Amino acid sequence: MGIFGRLKMGWNLSMDSLRVLRKQPELTLFPVISGIAGLLFIALLFGGSFVLGLFEGATAYVVLFMLYLGTAFIASFFNAGLVHSARESFEGREPSVKSGLAAAWTHKTPLFVWAVISATVGMLLRAIESDDSIVSSIVALVVSVAWSIITYFIIPVIVFEDVGSLEMFKRSGETFKNTWGETAGANFGVGLVSILFVLVGLAIAAAVFVALGGFGGGAGFVVAAVIAAVVILGAALLSTALGAVAKTALYVYATEGKRPPEFDNVDFDSGAR
C-alpha cells in the first residue's frame with residue numbers, strides 16, 4: 001500500500017473512531033478527568049514544595065522526578081480505562097467510566113512500573129537536552145523517537161496482556177512493527193481531525209469577535225478569547241480520545257487479526273476502501 005493509501009486509511013480510521021465517540025460519548029470523560037487530576041497533582045506538588053522550600057539543590061531534582069512520575073501515572077491510568085472501555089464498545093458491551101477505572105485499577109502495579117520507567121527516561125532525556133550541543137540535541141531526538149515507537153502500544157499491552165515489565169516493551173514494539181504503516185496513517189488522520197476542529201472553532205471565535213465590535217468592543221475580545229481557549233482545550237481532549245480509540249482498534253487488528261465491527265470503512269490488510 002502506498003503513502004496515499006495509508007493516509008486515506010488513517011482518515012477513515014479516525015472517522016470511524018469519531019463515530020465510536022459519538023456512540024459512546026462517555027469515553028471523552030476519561031481525558032477530561034485525567035486532565036483535572038493532573039492539574040490538581042501539579043498544584044499540590046508545587047504548592048507543597050514551595051511551602052517546604054524544596055526547590056533548592058538536589059531536592060529540586062526529586063521534585064521534578066515526582067512531577068514526571070505523578071503525571072505519567074495519572075495519564076496512563078486514565079488512558080488504560082479509556083482503552084478498556086473502547087474495547088468493551090467494540091465487543092458490543094456498554095462501557096462506563098466506573099467500569100473503565102475499575103479495570104485500570106486491576107492493572108495499577110504494571111501501570112505504576114511503567115510510570116516509573118517513563119519518568120526515569122524523561123529525566124535522562126532532560127539531562128541530555130540540558131547540554132546545548134548539536135550532538136546532544138540529535139541524541140535526544142533519536143532516543144525520544146525510538147522511545148515513542150517502542151512504547152506506542154504499551155497501555156493496551158498492559159491492559160489486555162498479562163506480561164512482565166520487560167515483556168511489555170517487547171510486545172509493544174512487536175505490535176508497532178506489525179502496524180507501523182497503519183499507525184502512521186492513524187496519527188495523520190487524528191491530527192488532521194484535530195486541526196480541522198481547531199480551525200473551525202477559531203473561525204467561529206473570529207466571527208464573534210468581529211460581530212461584537214472587534215477591537216472597539218472589549219466584550220468581543222473577551223468572548224472570542226474564551227471561545228478560542230475552549231476550542232483548543234477541546235481539540236486536545238478530542239485528539240487524546242480519538243487516538244486511544246484508534247490505537248485500540250489497531251491493537252485488536254495486530255494481535256487478533258480481526259477488524260472491530262465499528263471500523264467497517266477500513267480494510268487493515270489492503271488500506272481504505
# chains A, B, ... in the order shown; residues from 1 in each chain; ligands from 1
$ residues_around --residues "Glu94 (chain A)" --least-positions-apart "5" --cutoff "12 Å" --atoms "only C-alpha atoms" --output "number ranges by chain"
A: 20, 23-27, 84-89, 99-100
$ write_last_selection --atoms "C-alpha atoms" --output "PDB file, in the first residue's frame"
ATOM      1  CA  VAL A  20     -17.371   5.377  18.294  1.00  0.00           C
ATOM      2  CA  LYS A  23     -21.989   6.377  20.070  1.00  0.00           C
ATOM      3  CA  GLN A  24     -20.228   6.282  23.456  1.00  0.00           C
ATOM      4  CA  PRO A  25     -19.687   9.952  24.441  1.00  0.00           C
ATOM      5  CA  GLU A  26     -18.750   8.939  27.991  1.00  0.00           C
ATOM      6  CA  LEU A  27     -15.376   7.835  26.603  1.00  0.00           C
ATOM      7  CA  HIS A  84     -10.521  -0.903  28.178  1.00  0.00           C
ATOM      8  CA  SER A  85     -13.814   0.922  27.620  1.00  0.00           C
ATOM      9  CA  ALA A  86     -13.146   1.279  23.881  1.00  0.00           C
ATOM     10  CA  ARG A  87     -12.599  -2.478  23.665  1.00  0.00           C
ATOM     11  CA  GLU A  88     -15.848  -3.046  25.557  1.00  0.00           C
ATOM     12  CA  SER A  89     -17.652  -0.918  22.956  1.00  0.00           C
ATOM     13  CA  SER A  99     -16.041   0.023  34.866  1.00  0.00           C
ATOM     14  CA  GLY A 100     -13.132   1.519  32.931  1.00  0.00           C
TER      15      GLY A 100
END
$ residues_around --residues "Thr179 (chain A)" --least-positions-apart "2" --cutoff "10 Å" --atoms "only C-alpha atoms" --output "MDAnalysis selection string"
chainID A and resid 174:177 181:185 250:251 253:254 268:269
$ closest_residue --among "A:Thr59, A:Ile158, A:Leu69, A:Gly122" --to "Ala103 (chain A)" --atoms "only C-alpha atoms"
A:Ile158
$ closest_residue --among "A:Ile74, A:Ala236, A:Ala246, A:Val139" --to "Asp16 (chain A)" --atoms "only C-alpha atoms"
A:Ala246
$ atom_distance --atom1 "CA of Ile42 (chain A)" --atom2 "CA of Gly70 (chain A)"
8.4 Å
$ residues_around --residues "Met15 (chain A)" --least-positions-apart "5" --cutoff "9 Å" --atoms "only C-alpha atoms" --output "list in words"
Gly10, Val20, Gly189, Val190, Val193, Leu242, Phe263 and Asn265 of chain A
$ closest_residue --among "A:Asp264, A:Val230, A:Asn187, A:Leu196" --to "Ser14 (chain A)" --atoms "only C-alpha atoms"
A:Asn187
$ closest_residue --among "A:Val252, A:Val145, A:Leu124, A:Phe90" --to "Glu161 (chain A)" --atoms "only C-alpha atoms"
A:Val252
$ atom_distance --atom1 "CA of Pro156 (chain A)" --atom2 "CA of Ala80 (chain A)"
7.1 Å
$ closest_residue --among "A:Leu192, A:Ile117, A:Val198, A:Ala205" --to "Leu7 (chain A)" --atoms "only C-alpha atoms"
A:Leu192
$ closest_residue --among "A:Val222, A:Val231, A:Lys108, A:Thr255" --to "Val157 (chain A)" --atoms "only C-alpha atoms"
A:Thr255
$ select_by_dssp --residues "region 47-136 of chain A" --states "alpha helix (DSSP H)" --output "CSV table (one decimal) with C-alpha atoms, in the first residue's frame"
chain,number,residue,atom,x,y,z
A,47,GLY,CA,2.4,24.2,46.3
A,48,GLY,CA,3.8,21.8,49.0
A,49,SER,CA,7.3,22.1,47.5
A,50,PHE,CA,7.1,25.9,47.7
A,51,VAL,CA,6.0,25.8,51.3
A,52,LEU,CA,8.6,23.3,52.3
A,58,ALA,CA,19.4,18.1,44.7
A,59,THR,CA,15.9,18.2,46.2
A,60,ALA,CA,14.7,20.1,43.1
A,61,TYR,CA,15.5,17.0,41.0
A,62,VAL,CA,13.5,14.9,43.4
A,63,VAL,CA,10.5,17.2,42.9
A,64,LEU,CA,11.0,17.1,39.2
A,65,PHE,CA,11.1,13.3,39.2
A,66,MET,CA,7.9,13.3,41.3
A,67,LEU,CA,6.3,15.6,38.7
A,68,TYR,CA,7.2,13.2,35.9
A,69,LEU,CA,6.2,10.1,37.8
A,70,GLY,CA,2.8,11.5,39.0
A,71,THR,CA,1.7,12.9,35.7
A,72,ALA,CA,2.8,9.8,33.8
A,73,PHE,CA,0.9,7.5,36.2
A,74,ILE,CA,-2.3,9.7,36.1
A,75,ALA,CA,-2.2,9.9,32.3
A,76,SER,CA,-1.5,6.1,32.0
A,77,PHE,CA,-4.2,5.2,34.5
A,78,PHE,CA,-7.0,7.1,32.8
A,79,ASN,CA,-5.7,6.1,29.3
A,80,ALA,CA,-5.9,2.4,30.5
A,81,GLY,CA,-9.5,3.0,31.5
A,82,LEU,CA,-10.3,4.5,28.1
A,83,VAL,CA,-8.6,1.7,26.2
A,84,HIS,CA,-10.5,-0.9,28.2
A,85,SER,CA,-13.8,0.9,27.6
A,86,ALA,CA,-13.1,1.3,23.9
A,87,ARG,CA,-12.6,-2.5,23.7
A,88,GLU,CA,-15.8,-3.0,25.6
A,89,SER,CA,-17.7,-0.9,23.0
A,90,PHE,CA,-16.0,-2.9,20.1
A,97,VAL,CA,-16.3,5.4,33.4
A,98,LYS,CA,-16.8,3.4,36.6
A,99,SER,CA,-16.0,0.0,34.9
A,100,GLY,CA,-13.1,1.5,32.9
A,101,LEU,CA,-11.5,2.9,36.1
A,102,ALA,CA,-12.1,-0.4,37.9
A,103,ALA,CA,-10.3,-2.2,35.0
A,104,ALA,CA,-7.4,0.2,35.2
A,105,TRP,CA,-7.2,-0.3,39.0
A,106,THR,CA,-6.7,-4.0,38.5
A,108,LYS,CA,-2.3,-0.4,38.8
A,109,THR,CA,1.0,-2.2,39.6
A,110,PRO,CA,2.3,-2.6,36.0
A,111,LEU,CA,0.9,0.9,35.3
A,112,PHE,CA,3.0,2.3,38.1
A,113,VAL,CA,6.1,0.4,37.0
A,114,TRP,CA,5.6,1.9,33.5
A,115,ALA,CA,5.2,5.3,35.0
A,116,VAL,CA,8.5,4.9,37.0
A,117,ILE,CA,10.3,3.8,33.9
A,118,SER,CA,8.7,6.6,31.8
A,119,ALA,CA,9.7,9.2,34.4
A,120,THR,CA,13.3,7.9,34.5
A,121,VAL,CA,13.6,8.1,30.8
A,122,GLY,CA,12.1,11.6,30.9
A,123,MET,CA,14.7,12.7,33.4
A,124,LEU,CA,17.5,11.2,31.3
A,125,LEU,CA,16.3,13.0,28.2
A,126,ARG,CA,16.1,16.2,30.1
A,127,ALA,CA,19.7,15.8,31.3
A,128,ILE,CA,20.8,15.1,27.7
A,129,GLU,CA,18.9,18.2,26.4
A,134,ILE,CA,24.1,19.8,18.5
A,135,VAL,CA,25.2,16.2,19.2
A,136,SER,CA,23.2,16.2,22.4
